[in-house]
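Engineer: Below you will find the structure I want to go over with you.
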Amino acid sequence: MDYTIMVFSYATDGAFRLSEHFKVYEFRCKDNTDPIFVSTSLVEILESIREHFNKPVYINSAYRNPAYNAMIGGAKKSMHMYGMAADIHINGVTPKQIAEFAETLIPYTGGIGIYDNFCHIDVRVVKSRWNG
């Protein structure tokens, strides 16, 4: 897995296409601050999920700066703060179905969390699985 983290500015790079279906602005911190960190591997996984289900993947939360992460009660070492995580949903697809497919993409590494309304995907080095 490629652990390259790209750095962008929402103001100048927001419309930049990271892959066929994802642009930089979708990964921004919800407080709209710069910079935006994005893992190349995360984008590849999300693109694979998009292609598999043939439906848009909506990113609820991706990069979070440390202050925003703390404000919303995120984990102290959240992968979101490194641009290595995304909480996603797909209309008409359950979080469990997303997680089951993601498992085929990252069976030995990465984080996959199943929540009521979304699936968390991250590209950490070690394997971690949970239900929220």
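All residue names refer to the structure tokens as shown: chains lettered A, B, ... in order, residues numbered from 1 in each chain, ligands numbered from 1 in order.
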May I have the residues within 9 Å of Cys29 in chain A as a list in words, using only C-alpha atoms and disregarding those fewer than 2 positions away in the same chain?

Structural biologist: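 Using only C-alpha atoms, the neighbours found are Tyr25, Glu26, Phe27, Asp31, Asn32, Thr33, Asp34, Pro35, Ile36, Ser61, Ala62, Tyr63, Arg64, Asn65 and Tyr68 of chain A.
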
Engineer: Write down as a PyMOL selection string the residues of chain A whose backbone DSSP state falls under alpha helix (DSSP H).

Structural biologist: chain A and resi 10-13+40-53+66-71+95-105

Engineer: Can you check which residues of chain A DSSP gives as strand (DSSP E) on the backbone and send them as a list of chain:residue names?

Structural biologist: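 Listing strand (DSSP E) positions across chain A yields A:Ile5, A:Met6, A:Val7, A:Phe8, A:Ile36, A:Phe37, A:Val38, A:Ser39, A:Tyr58, A:Ile59, A:Asn60, A:Ser61, A:Ala85, A:Ala86, A:Asp87, A:Ile88, A:His89, A:Gly111, A:Ile112, A:Gly113, A:Ile114, A:Cys119, A:His120, A:Ile121, A:Asp122, A:Ser128, A:Arg129, A:Trp130, A:Asn131.
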
Engineer: Any idea what's packed within 9 Å of Trp130 in chain A, counting only C-alpha atoms, ignoring anything in its chain fewer than 4 positions away? Could you give it as a VMD selection string?

Structural biologist: chain A and resid 111 to 115

Engineer: Taking into account only C-alpha atoms, which residue in the set A:Cys119, A:Ala15, A:Met79, A:Ile72 is nearest to Thr94 in chain A?

Structural biologist: A:Cys119

Engineer: Considering only C-alpha atoms, can you say which of A:Asp87, A:Asp13, A:Asp2, A:Asp116 comes closest to Leu46 in chain A?

Structural biologist: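 When distances to Leu46 in chain A are compared using only C-alpha atoms, the smallest one comes from A:Asp87.
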
Engineer: Please determine, counting only C-alpha atoms, which residue among A:Asn54, A:Ser128, A:Asn117, A:Thr109 has the shortest atom-to-atom distance to His89 in chain A.

Structural biologist: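 Closest to His89 in chain A, using only C-alpha atoms: A:Asn117.
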
Engineer: Can you work out which one of A:Ile88, A:Val7, A:Ile59, A:Met1 has the shortest atom-to-atom distance to Ile106 in chain A, counting only C-alpha atoms?

Structural biologist: A:Met1

Engineer: I need the residue nearest Thr40 in chain A from this list: A:Thr12, A:Ser19, A:Glu100, A:Lys55. Use only C-alpha atoms for the distance.

Structural biologist: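 The answer is A:Ser19, which sits nearest to Thr40 in chain A.
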
Engineer: Hey, can you check how far CA of Phe16 in chain A sits from CA of Phe101 in chain A?

Structural biologist: 27.0 Å

Engineer: Which residue, A:Ser9, A:Ser48, A:Thr4, A:Ser78, has the smallest gap to Glu103 in chain A when you use only C-alpha atoms?

Structural biologist: A:Ser48
